[in-house]
Structures are given as C-alpha cells and as structure tokens.
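Enquirer: Sharing target00.txt below, compact mmCIF, C-alpha atoms:
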```txt
# COMPACT_ATOMS: atom_id res chain seq x y z
CA MET Q 1 124.77 123.81 142.29
CA LYS Q 2 124.70 123.54 138.51
CA ASN Q 3 121.37 122.71 136.92
CA LYS Q 4 120.91 119.18 135.61
CA LYS Q 5 121.83 118.82 131.93
CA ILE Q 6 119.00 119.15 129.42
CA TRP Q 7 119.85 117.18 126.30
CA LEU Q 8 118.88 117.96 122.73
CA SER Q 9 117.24 114.56 122.21
CA SER Q 10 117.87 111.72 124.64
CA PRO Q 11 116.58 108.11 124.58
CA HIS Q 12 113.07 107.59 125.90
CA MET Q 13 112.13 104.10 126.97
CA GLY Q 14 108.55 102.94 126.78
CA GLY Q 15 108.34 100.11 129.31
CA SER Q 16 108.35 96.90 127.28
CA GLU Q 17 111.96 97.03 126.11
CA GLU Q 18 113.22 95.24 129.20
CA LYS Q 19 110.76 92.38 128.66
CA PHE Q 20 112.01 91.70 125.12
CA VAL Q 21 115.65 91.96 126.22
CA LYS Q 22 114.96 89.62 129.15
CA ASP Q 23 113.47 87.12 126.73
CA ALA Q 24 116.75 87.18 124.82
CA PHE Q 25 118.73 86.57 128.00
CA ASP Q 26 116.38 83.87 129.26
CA SER Q 27 116.67 81.99 125.97
CA ASN Q 28 120.42 82.71 125.76
CA TRP Q 29 119.77 84.26 122.36
CA VAL Q 30 122.17 87.15 122.85
CA ALA Q 31 124.11 86.59 119.62
CA PRO Q 32 123.22 88.41 116.40
CA LEU Q 33 119.90 87.46 114.82
CA GLY Q 34 117.10 85.64 116.60
CA PRO Q 35 113.38 86.12 117.38
CA ASN Q 36 113.68 89.78 118.31
CA VAL Q 37 115.38 90.63 115.00
CA ASN Q 38 112.64 88.84 113.07
CA GLY Q 39 109.96 90.51 115.19
CA PHE Q 40 111.49 93.96 114.86
CA GLU Q 41 111.73 93.64 111.08
CA SER Q 42 108.08 92.61 110.99
CA ASP Q 43 107.14 95.61 113.17
CA ILE Q 44 108.96 97.97 110.79
CA GLU Q 45 107.30 96.44 107.74
CA SER Q 46 103.83 96.74 109.26
CA TYR Q 47 104.36 100.30 110.46
CA LEU Q 48 105.72 101.60 107.17
CA GLY Q 49 103.43 99.59 104.96
CA ILE Q 50 106.41 98.15 103.09
CA LYS Q 51 107.10 94.52 102.25
CA TYR Q 52 110.63 93.93 103.48
CA ALA Q 53 113.05 95.29 106.10
CA ALA Q 54 116.57 94.28 107.12
CA ALA Q 55 117.59 95.30 110.65
CA LEU Q 56 121.19 96.49 110.62
CA SER Q 57 123.88 97.91 112.88
CA SER Q 58 123.35 101.52 111.72
CA GLY Q 59 121.67 103.76 109.19
CA THR Q 60 125.10 104.31 107.63
CA ALA Q 61 125.36 100.57 107.01
CA ALA Q 62 121.95 100.69 105.34
CA ILE Q 63 123.05 103.44 102.92
CA HIS Q 64 126.24 101.52 102.18
CA LEU Q 65 124.34 98.33 101.38
CA ALA Q 66 121.87 100.26 99.19
CA LEU Q 67 124.81 101.54 97.13
CA VAL Q 68 126.30 98.05 96.94
CA LEU Q 69 122.97 96.65 95.74
CA LEU Q 70 122.81 99.36 93.07
CA GLU Q 71 126.32 98.33 91.97
CA VAL Q 72 127.78 101.77 92.63
CA GLY Q 73 131.56 101.56 92.27
CA TYR Q 74 134.77 103.24 91.20
CA GLY Q 75 134.27 106.02 88.71
CA ASP Q 76 130.54 106.35 89.40
CA GLU Q 77 128.88 109.53 90.61
CA VAL Q 78 126.08 109.78 93.16
CA LEU Q 79 123.94 112.88 93.68
CA CYS Q 80 123.55 113.64 97.38
CA GLN Q 81 121.80 116.31 99.38
CA SER Q 82 124.47 118.64 100.75
CA PHE Q 83 122.54 119.79 103.80
CA THR Q 84 122.76 116.61 105.89
CA PHE Q 85 124.87 114.61 108.31
CA SER Q 86 128.05 113.10 106.89
CA ALA Q 87 126.64 109.57 107.15
CA SER Q 88 124.50 110.31 104.09
CA ALA Q 89 127.58 110.98 101.97
CA ASN Q 90 130.43 108.89 103.42
CA PRO Q 91 129.21 105.52 102.06
CA ILE Q 92 129.50 106.92 98.52
CA VAL Q 93 133.22 107.20 99.13
CA TYR Q 94 133.32 103.71 100.70
CA GLN Q 95 132.37 102.44 97.25
CA GLY Q 96 135.07 104.46 95.51
CA ALA Q 97 132.42 106.64 93.89
CA THR Q 98 132.24 110.44 93.84
CA PRO Q 99 129.51 112.45 95.58
CA ILE Q 100 128.03 115.46 93.80
CA PHE Q 101 126.21 117.72 96.22
CA ILE Q 102 122.83 119.35 95.65
CA ASP Q 103 121.64 122.43 97.52
CA SER Q 104 118.42 122.79 99.50
CA GLU Q 105 115.23 124.68 98.78
CA GLU Q 106 113.96 127.31 101.21
CA SER Q 107 110.55 125.73 101.78
CA THR Q 108 111.54 122.24 103.01
CA TRP Q 109 115.29 122.73 103.69
CA ASN Q 110 115.72 119.55 101.63
CA MET Q 111 117.01 118.79 98.13
CA ASN Q 112 116.17 121.45 95.56
CA PRO Q 113 114.59 119.85 92.47
CA PHE Q 114 115.84 122.65 90.19
CA TYR Q 115 119.48 122.00 91.04
CA LEU Q 116 118.96 118.24 91.01
CA ARG Q 117 117.77 118.45 87.39
CA LYS Q 118 120.56 120.88 86.50
CA ALA Q 119 123.21 118.53 87.90
CA ILE Q 120 121.80 115.52 86.05
CA GLN Q 121 121.64 117.38 82.76
CA GLU Q 122 125.17 118.77 83.05
CA ARG Q 123 126.71 115.43 84.03
CA MET Q 124 124.84 113.54 81.31
CA ALA Q 125 125.96 116.10 78.74
CA ILE Q 126 129.54 114.92 79.28
CA GLY Q 127 128.62 111.24 79.43
CA LYS Q 128 128.51 110.92 83.23
CA LYS Q 129 125.01 109.78 84.12
CA PRO Q 130 124.70 109.63 87.94
CA LYS Q 131 124.26 106.15 89.34
CA ALA Q 132 121.93 107.09 92.22
CA ILE Q 133 120.29 109.94 94.14
CA ILE Q 134 120.43 110.17 97.95
CA LEU Q 135 117.59 112.31 99.26
CA VAL Q 136 117.28 113.25 102.96
CA HIS Q 137 114.16 114.16 104.97
CA LEU Q 138 115.94 116.59 107.27
CA TYR Q 139 114.87 116.81 110.93
CA GLY Q 140 111.80 114.74 110.02
CA MET Q 141 110.49 117.12 107.34
CA PRO Q 142 109.45 115.35 104.12
CA ALA Q 143 111.27 116.56 101.04
CA ASN Q 144 109.63 117.75 97.82
CA LEU Q 145 108.80 114.19 96.79
CA THR Q 146 106.45 115.01 93.93
CA GLU Q 147 109.11 116.79 91.89
CA ILE Q 148 112.09 114.70 92.94
CA LEU Q 149 110.39 111.39 92.19
CA ALA Q 150 109.36 112.73 88.78
CA ILE Q 151 112.96 113.71 88.00
CA ALA Q 152 114.35 110.36 89.18
CA GLU Q 153 111.81 108.55 87.01
CA GLU Q 154 112.39 110.79 83.99
CA TYR Q 155 116.14 110.12 83.98
CA GLU Q 156 115.83 106.54 85.27
CA ILE Q 157 118.10 107.13 88.27
CA PRO Q 158 117.31 105.08 91.40
CA LEU Q 159 116.40 107.03 94.52
CA ILE Q 160 117.77 106.16 97.96
CA GLU Q 161 115.55 107.79 100.55
CA ASP Q 162 117.41 108.69 103.74
CA ALA Q 163 114.62 108.73 106.30
CA ALA Q 164 117.02 108.34 109.24
CA GLU Q 165 115.43 111.36 110.93
CA ALA Q 166 111.93 110.88 109.55
CA LEU Q 167 110.47 107.64 110.92
CA GLY Q 168 106.74 108.32 111.20
CA SER Q 169 106.74 111.32 108.86
CA SER Q 170 104.60 111.04 105.75
CA PHE Q 171 103.72 112.65 102.43
CA ASN Q 172 100.20 112.30 101.05
CA GLY Q 173 99.50 109.69 103.71
CA LYS Q 174 102.44 107.48 102.71
CA LYS Q 175 105.31 106.99 105.15
CA CYS Q 176 108.72 108.48 104.38
CA GLY Q 177 111.23 105.79 103.49
CA THR Q 178 108.80 103.98 101.19
CA PHE Q 179 108.98 106.18 98.07
CA GLY Q 180 112.45 105.34 96.72
CA ARG Q 181 114.09 102.16 95.46
CA PHE Q 182 115.47 101.84 98.99
CA GLY Q 183 114.60 103.50 102.28
CA ILE Q 184 117.03 104.11 105.15
CA LEU Q 185 116.15 104.25 108.84
CA SER Q 186 118.28 105.03 111.89
CA PHE Q 187 117.72 103.98 115.51
CA ASN Q 188 120.68 105.85 116.98
CA GLY Q 189 120.38 106.98 120.59
CA ASN Q 190 119.05 110.44 119.72
CA LYS Q 191 116.43 109.36 117.17
CA ILE Q 192 112.67 109.33 117.67
CA ILE Q 193 112.95 105.69 118.73
CA THR Q 194 116.21 103.90 119.48
CA THR Q 195 117.83 100.48 119.64
CA SER Q 196 120.87 102.09 121.29
CA GLY Q 197 122.57 101.95 117.92
CA GLY Q 198 121.08 100.51 114.77
CA GLY Q 199 119.33 101.08 111.48
CA ALA Q 200 117.34 99.38 108.75
CA LEU Q 201 117.20 99.04 105.00
CA VAL Q 202 113.66 98.78 103.61
CA ALA Q 203 112.26 98.05 100.16
CA ASN Q 204 109.48 96.30 98.29
CA ASP Q 205 112.12 94.17 96.55
CA LYS Q 206 112.36 90.76 98.23
CA GLU Q 207 115.50 89.68 96.37
CA ALA Q 208 117.32 92.90 97.21
CA ILE Q 209 116.56 92.71 100.95
CA GLU Q 210 117.52 89.03 101.05
CA LYS Q 211 120.82 89.94 99.44
CA ALA Q 212 121.27 92.80 101.92
CA ARG Q 213 120.85 90.36 104.80
CA PHE Q 214 123.37 88.02 103.17
CA LEU Q 215 125.93 90.79 102.68
CA ALA Q 216 125.32 92.07 106.22
CA THR Q 217 126.34 88.70 107.69
CA GLN Q 218 129.77 88.61 106.03
CA ALA Q 219 128.35 87.10 102.82
CA ARG Q 220 128.85 83.56 104.03
CA ASP Q 221 127.94 80.98 101.40
CA PRO Q 222 125.47 78.19 102.41
CA THR Q 223 128.14 75.56 103.03
CA PRO Q 224 129.02 73.61 106.21
CA HIS Q 225 132.42 75.31 106.24
CA TYR Q 226 133.15 79.03 106.04
CA GLN Q 227 133.22 79.97 102.36
CA HIS Q 228 132.86 83.42 100.82
CA SER Q 229 132.27 84.22 97.16
CA SER Q 230 131.42 87.87 97.79
CA ILE Q 231 132.75 90.65 100.00
CA GLY Q 232 130.48 90.98 103.02
CA TYR Q 233 130.12 93.16 106.10
CA ASN Q 234 129.38 92.74 109.79
CA TYR Q 235 126.25 94.87 109.61
CA ARG Q 236 123.45 92.85 111.22
CA MET Q 237 121.59 94.08 114.31
CA SER Q 238 121.92 92.02 117.49
CA ASN Q 239 118.98 90.20 119.01
CA ILE Q 240 119.33 92.29 122.18
CA SER Q 241 119.27 95.62 120.33
CA ALA Q 242 116.28 94.44 118.32
CA GLY Q 243 114.51 93.65 121.60
CA ILE Q 244 114.85 97.30 122.59
CA GLY Q 245 113.48 98.23 119.17
CA ARG Q 246 110.42 96.02 119.59
CA GLY Q 247 109.55 97.82 122.82
CA GLN Q 248 110.14 101.19 121.19
CA MET Q 249 107.84 100.39 118.26
CA GLU Q 250 104.99 99.97 120.73
CA VAL Q 251 105.18 103.69 121.63
CA ILE Q 252 106.30 105.31 118.38
CA ASP Q 253 103.02 107.13 117.70
CA GLU Q 254 103.06 108.49 121.26
CA ARG Q 255 106.64 109.71 120.78
CA ILE Q 256 105.71 111.50 117.56
CA ALA Q 257 102.74 113.17 119.25
CA GLN Q 258 105.00 114.32 122.08
CA ARG Q 259 107.58 115.81 119.70
CA ARG Q 260 104.90 117.58 117.71
CA ALA Q 261 103.43 119.00 120.92
CA ILE Q 262 106.84 120.39 121.91
CA ASN Q 263 107.20 121.92 118.44
CA ALA Q 264 103.81 123.60 118.84
CA LYS Q 265 104.82 125.06 122.22
CA TYR Q 266 107.95 126.60 120.71
CA LYS Q 267 105.96 128.11 117.86
CA THR Q 268 103.45 129.61 120.26
CA LEU Q 269 106.16 131.12 122.44
CA LEU Q 270 108.14 132.62 119.55
CA SER Q 271 105.25 133.49 117.23
CA GLU Q 272 105.57 137.24 117.77
CA VAL Q 273 109.37 137.43 117.67
CA THR Q 274 110.55 139.24 114.54
CA GLY Q 275 113.39 137.47 112.79
CA VAL Q 276 112.70 133.95 114.13
CA THR Q 277 111.19 131.39 111.77
CA PHE Q 278 110.68 127.62 111.89
CA GLN Q 279 111.03 124.67 109.57
CA GLN Q 280 107.36 124.15 108.69
CA GLU Q 281 105.00 121.73 106.98
CA LYS Q 282 104.19 123.59 103.78
CA ASP Q 283 100.72 122.14 103.13
CA GLU Q 284 98.25 119.49 104.24
CA ARG Q 285 100.04 116.71 102.33
CA VAL Q 286 103.07 116.99 104.61
CA PHE Q 287 103.28 115.42 108.05
CA SER Q 288 106.54 115.81 109.99
CA ASN Q 289 107.48 113.88 113.10
CA TYR Q 290 109.34 117.06 114.14
CA TRP Q 291 112.21 114.92 115.40
CA LEU Q 292 114.05 118.15 116.18
CA THR Q 293 112.45 121.56 116.35
CA SER Q 294 114.73 123.91 114.43
CA VAL Q 295 114.67 127.67 114.07
CA LEU Q 296 116.30 130.28 111.89
CA ILE Q 297 117.42 133.51 113.55
CA ASP Q 298 118.01 136.49 111.28
CA PRO Q 299 120.33 138.90 113.15
CA LYS Q 300 119.34 141.72 110.77
CA LEU Q 301 115.84 141.54 112.26
CA THR Q 302 116.69 140.70 115.88
CA GLY Q 303 118.96 143.64 116.63
CA GLY Q 304 122.11 141.61 116.01
CA PHE Q 305 121.18 138.62 118.17
CA ASP Q 306 122.14 135.46 116.28
CA ARG Q 307 121.96 131.68 116.62
CA GLU Q 308 125.43 131.37 118.15
CA MET Q 309 124.55 133.88 120.86
CA LEU Q 310 121.43 131.85 121.67
CA ARG Q 311 123.43 128.61 121.71
CA LEU Q 312 125.83 130.13 124.22
CA GLU Q 313 122.94 131.37 126.39
CA PHE Q 314 121.62 127.82 126.50
CA ASP Q 315 125.08 126.51 127.27
CA LYS Q 316 125.36 128.80 130.30
CA GLU Q 317 122.25 127.10 131.69
CA ASN Q 318 123.56 123.58 130.95
CA ILE Q 319 121.09 123.14 128.09
CA GLU Q 320 122.20 121.47 124.87
CA SER Q 321 121.29 123.01 121.52
CA ARG Q 322 123.04 122.52 118.19
CA PRO Q 323 123.67 124.41 114.95
CA LEU Q 324 122.04 122.94 111.88
CA TRP Q 325 124.15 120.55 109.81
CA LYS Q 326 127.16 122.09 108.15
CA PRO Q 327 126.62 121.38 104.43
CA MET Q 328 128.75 118.61 102.96
CA HIS Q 329 130.19 120.83 100.24
CA LEU Q 330 131.69 123.03 102.99
CA GLN Q 331 133.31 120.10 104.80
CA PRO Q 332 137.13 119.91 104.50
CA ILE Q 333 136.99 116.31 103.29
CA PHE Q 334 134.70 117.29 100.38
CA ARG Q 335 136.22 120.66 99.55
CA ASP Q 336 137.01 119.69 95.94
CA THR Q 337 133.63 118.12 95.22
CA LEU Q 338 131.12 119.48 92.71
CA PHE Q 339 128.19 121.42 94.13
CA PHE Q 340 125.04 122.65 92.43
CA GLY Q 341 123.14 125.37 94.27
CA ASP Q 342 122.65 129.01 95.23
CA GLY Q 343 123.90 129.01 98.83
CA THR Q 344 120.60 128.22 100.56
CA SER Q 345 122.08 125.47 102.73
CA GLU Q 346 124.93 127.78 103.74
CA ARG Q 347 122.43 130.41 104.91
CA LEU Q 348 120.47 127.78 106.81
CA PHE Q 349 123.63 126.60 108.54
CA THR Q 350 124.67 130.15 109.43
CA ASN Q 351 121.33 131.10 110.96
CA GLY Q 352 119.86 127.82 112.20
CA LEU Q 353 119.71 126.18 115.61
CA CYS Q 354 118.16 122.92 116.83
CA LEU Q 355 116.30 123.31 120.12
CA PRO Q 356 115.85 120.67 122.84
CA SER Q 357 113.15 118.37 121.46
CA GLY Q 358 113.24 115.09 123.37
CA SER Q 359 109.89 113.42 123.96
CA ASN Q 360 110.92 112.86 127.59
CA LEU Q 361 111.39 116.54 128.43
CA THR Q 362 109.52 117.41 131.61
CA MET Q 363 107.48 120.59 132.01
CA GLN Q 364 110.11 121.85 134.45
CA GLU Q 365 112.83 121.29 131.85
CA LEU Q 366 110.79 123.00 129.15
CA ASP Q 367 110.25 125.92 131.51
CA ARG Q 368 114.04 126.25 131.87
CA VAL Q 369 114.42 126.24 128.09
CA PHE Q 370 111.63 128.78 127.67
CA GLU Q 371 113.15 131.09 130.28
CA VAL Q 372 116.31 131.32 128.19
CA LEU Q 373 114.24 132.08 125.09
CA LYS Q 374 112.17 134.70 126.90
CA LYS Q 375 115.27 136.43 128.23
CA SER Q 376 117.09 136.27 124.90
CA PHE Q 377 114.19 137.65 122.86
CA GLN Q 378 112.76 139.88 125.60
CA ILE Q 379 109.39 138.09 125.71
CA ASN Q 380 107.14 139.13 128.59
```
Re-express the file's structure as structure tokens.
Expert:
Amino acid sequence: MKNKKIWLSSPHMGGSEEKFVKDAFDSNWVAPLGPNVNGFESDIESYLGIKYAAALSSGTAAIHLALVLLEVGYGDEVLCQSFTFSASANPIVYQGATPIFIDSEESTWNMNPFYLRKAIQERMAIGKKPKAIILVHLYGMPANLTEILAIAEEYEIPLIEDAAEALGSSFNGKKCGTFGRFGILSFNGNKIITTSGGGALVANDKEAIEKARFLATQARDPTPHYQHSSIGYNYRMSNISAGIGRGQMEVIDERIAQRRAINAKYKTLLSEVTGVTFQQEKDERVFSNYWLTSVLIDPKLTGGFDREMLRLEFDKENIESRPLWKPMHLQPIFRDTLFFGDGTSERLFTNGLCLPSGSNLTMQELDRVFEVLKKSFQIN
C-alpha cells in the first residue's frame, strides 16, 4: 500500500475557524463583506502594526490594486524582483506596463540593491524613470530593506512590498509588509495562514485603502442605482473566507514557531553534509517565518547528487517537494524583457529545492522525510 501523501505546505486549521464561519451562516451573512471581513481587517492591522488593511480575493489582486493606485499604465515601467512567483509580475502587464526584472543577491535570495540602482540609473538616463518597485520577501526571508528603501527614497520611486510569503517575518522588529508605500499579503491554501484563497493590501494611507476597497467592489458610485465612473474589479474577500482568516489569526504565532522548529530540525540533520546550504537569516535584525525551508544542493560537492535527484527520491515515497521559483526573466512569456543581474537567481533555481514545511507535519511524517534525506546523503 502506498504511503499517505506528504504535502509541501498544506492548510492547518486552528479550531476557531468553524465558529466564525458558523456565525456567518447563522446570521445569513454569506455574501461578500460583513462582520468577519471587518474583524479580519482589524486583526491584520493590529498584528502588523499598520493603520489600514483591505481584505481581498487574492494577493495578486492586492498587487494589481497597488499598481492602479500608483497610476501605473501604458508605457510605464515597473522594476520587479525576477526570482519570484509569476503573481508578482503579471499585474504589471494587466496595467499595460512593462516589467523590468532585477536579479537576487546571494545572502537573502531577494532583490539585489546593486542591480536595482543600476537599472534605475540606466532607465532614467534615457528618460524612462520607473513608476514603481516590487520587492519580494522570498519564502519568508526579509529582503535587504536598509539598502532598498534608501534607493527607493533617493530616486523617489514608490515601493510595493510583496510579503505574500512573509506574514510574521520582520526586520529590525518591524513586520514585513509595513515598510513600503503598500504591502501585499496572501492567504492562499499553502501559506502560513489561509482563508482558502485570499489576500490583503495594507498601508498607512487611509485614502488609498478606502479607494482600494471602492475599486475592489466594482467601483460602484454612492447612488441608489448602479452607476460607475471608474473601472472596478470584483476583488473583495467574502465574509465566509474572512471568518476562516479570523480563526487563523488566533494561531499565527504558533504556526510561525512550528515552521521555525521544522527549519531547525532540517538544519541539524544536514549540518554536516558537504554541498548543502540553507536560506538563512544573515544577522540578528532579520526574523524569518521560514514559510518554506529551502536548500541549495551543489552537485560539484555532493558527488554529482543534485536537487532534481532528491526531488525524485521524495516523489518515489509520495512526498511533495518543489524546485525554487523559476526566475521571471527565464519565463517564455517574459523572454524579451529587460533583466539586470549576474545570474544569481538562475543558479538558485538550478540548485534549489523546497522541502516539506507544513506546520501540521507529524513526527511520523517528518521521520519519513528525514529517512529520504539520510539515504540520499548517506547520513548515519
């Protein structure tokens, strides 16, 4: 009999979600908006220490609305981290703008400040000042915020902070998602907490978030009939999904602790294996939620054993693992797009693998994962 599937990162309920959802059913408030949406937004604001949050249908919707609010449009250019999921970049194209991709640095795996500055200078030299910067905190690891914020401020380019994978991560004690003009969160099924599907746009700008909520509800004017003076979107989170989110927010710190504990176990197991390295917090200012524990495997140092061979070993045992994100500048849809970098993200993609990291992994499941690692790397 085949072993039960071990997922990379599956939803983990906390216990109170059903109560909030039941409240929605009991009150017949199952349509979009309602008390759970208001409560969930308040929970997000309190947790992040930010003034305003708009609960939306996805993190992608949040990025799209951030670009709309920044008036990004046809002919504009937006600088975007290349090493990320496509949802970070696709909304740029929704607006008719052009993404310009920036490579990663070795230390954080996130946007490289050197190439960010280089791209800005080269585009401005020909009269094409970028309209925005989209920075990503990959796998929960905070980016090099000190340098990137300084560059954004120096050139007066607004920063959109994609913290879809980094809820609960922080830099210098301040939560990721609260540094830029706008912050982006995701509550997709595989994230550290989930609303089944959903996201949020956060900011300290009351007018901007109010406008985001307006645009997210089809931009309906305040008239007794249906009237629209702006193009809107069906982007609001439902009251039922928000109920799940309210229950999840009650256990978020526990979930982060569980993911960090799993990360520590992997590091202990593989600490003596030559050629295997981890994405790591580089100093005491950095706190990662370690949403996914990710490793780099250098086949030159492991006797030819590479990340794809490990992925296939996991697959034989019905265990899900996943290569790191394929950089956007290597994607067929963006093949003609400008890229500034030295190939770091390509090397990360070639050698990197995400390991099972769900906070609901049992010790028996972790033992199965560790057995594959022990066999693959000949650990006694």
Enquirer: Please identify every residue of region 21-105 of chain Q that has at least one atom no farther than 10 Å from an atom of region 243-253 of chain Q, counting all atoms listed in the file, and for each give the shortest atom pair and the distance in Å to one decimal, arranged by chain then increasing number, as a Markdown table.
Expert:
```
| residue | atom | partner | partner_atom | distance |
| --- | --- | --- | --- | --- |
| Q:Val21 | CA | Q:Gly243 | CA | 5.0 |
| Q:Lys22 | CA | Q:Gly243 | CA | 8.6 |
| Q:Asp23 | CA | Q:Gly243 | CA | 8.4 |
| Q:Ala24 | CA | Q:Gly243 | CA | 7.6 |
| Q:Gly34 | CA | Q:Gly243 | CA | 9.8 |
| Q:Pro35 | CA | Q:Gly243 | CA | 8.7 |
| Q:Asn36 | CA | Q:Gly243 | CA | 5.1 |
| Q:Val37 | CA | Q:Gly243 | CA | 7.3 |
| Q:Asn38 | CA | Q:Arg246 | CA | 9.9 |
| Q:Gly39 | CA | Q:Arg246 | CA | 7.1 |
| Q:Phe40 | CA | Q:Arg246 | CA | 5.3 |
| Q:Glu41 | CA | Q:Arg246 | CA | 8.9 |
| Q:Ser42 | CA | Q:Arg246 | CA | 9.5 |
| Q:Asp43 | CA | Q:Met249 | CA | 7.0 |
| Q:Ile44 | CA | Q:Met249 | CA | 7.9 |
| Q:Tyr47 | CA | Q:Met249 | CA | 8.5 |
| Q:Ala55 | CA | Q:Gly245 | CA | 9.9 |
```
Enquirer: In Å to one decimal, how far is CA of Leu201 (chain Q) from CA of Glu165 (chain Q)?
Expert: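 CA of Leu201 (chain Q) lies 13.8 Å from CA of Glu165 (chain Q).
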Enquirer: My list of candidates is Q:Ser196, Q:Ser359, Q:Asn144, Q:Asn90. Which is closest to Pro113 (chain Q) when distances are computed with only C-alpha atoms?
Expert: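 Comparing Q:Ser196, Q:Ser359, Q:Asn144, Q:Asn90 against Pro113 (chain Q), the winner is Q:Asn144.
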Enquirer: So what do you get for CA of Cys354 (chain Q) versus CA of Arg322 (chain Q), distance-wise?
Expert: 5.1 Å
Enquirer: Counting all atoms listed in the file, which residue out of Q:Tyr74, Q:Asn3, Q:Ala264, Q:Phe182 sits closest to Phe314 (chain Q)?
Expert: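 Looking at the shortest contact to Phe314 (chain Q), the residue is Q:Asn3.
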Enquirer: For Glu207 (chain Q), which residue among Q:Ala143, Q:Ala53, Q:Leu348, Q:Ala89 is the nearest when counting all atoms listed in the file?
Expert: Q:Ala53
Enquirer: Please compute the CA of Gly199 (chain Q)-CA of Arg335 (chain Q) distance, one decimal, in Å.
Expert: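 Separating CA of Gly199 (chain Q) from CA of Arg335 (chain Q) is a distance of 28.5 Å.
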Enquirer: Closest to Leu215 (chain Q) among Q:Val372, Q:Leu33, Q:Cys80, Q:Val68, using all atoms listed in the file?
Expert: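 Nearest to Leu215 (chain Q): Q:Val68.
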Enquirer: Pick out the closest residue to Ala87 (chain Q) from this set: Q:Gly59, Q:Gly198, Q:Pro130, Q:Pro299. Count all atoms listed in the file.
Expert: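 Of all the options, Q:Gly59 lies closest to Ala87 (chain Q).
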Enquirer: Looking at Q:Leu373, Q:Val295, Q:Ala216, Q:Ile319, which one is nearest to Phe349 (chain Q), with distances taken over all atoms listed in the file?
Expert: Q:Val295
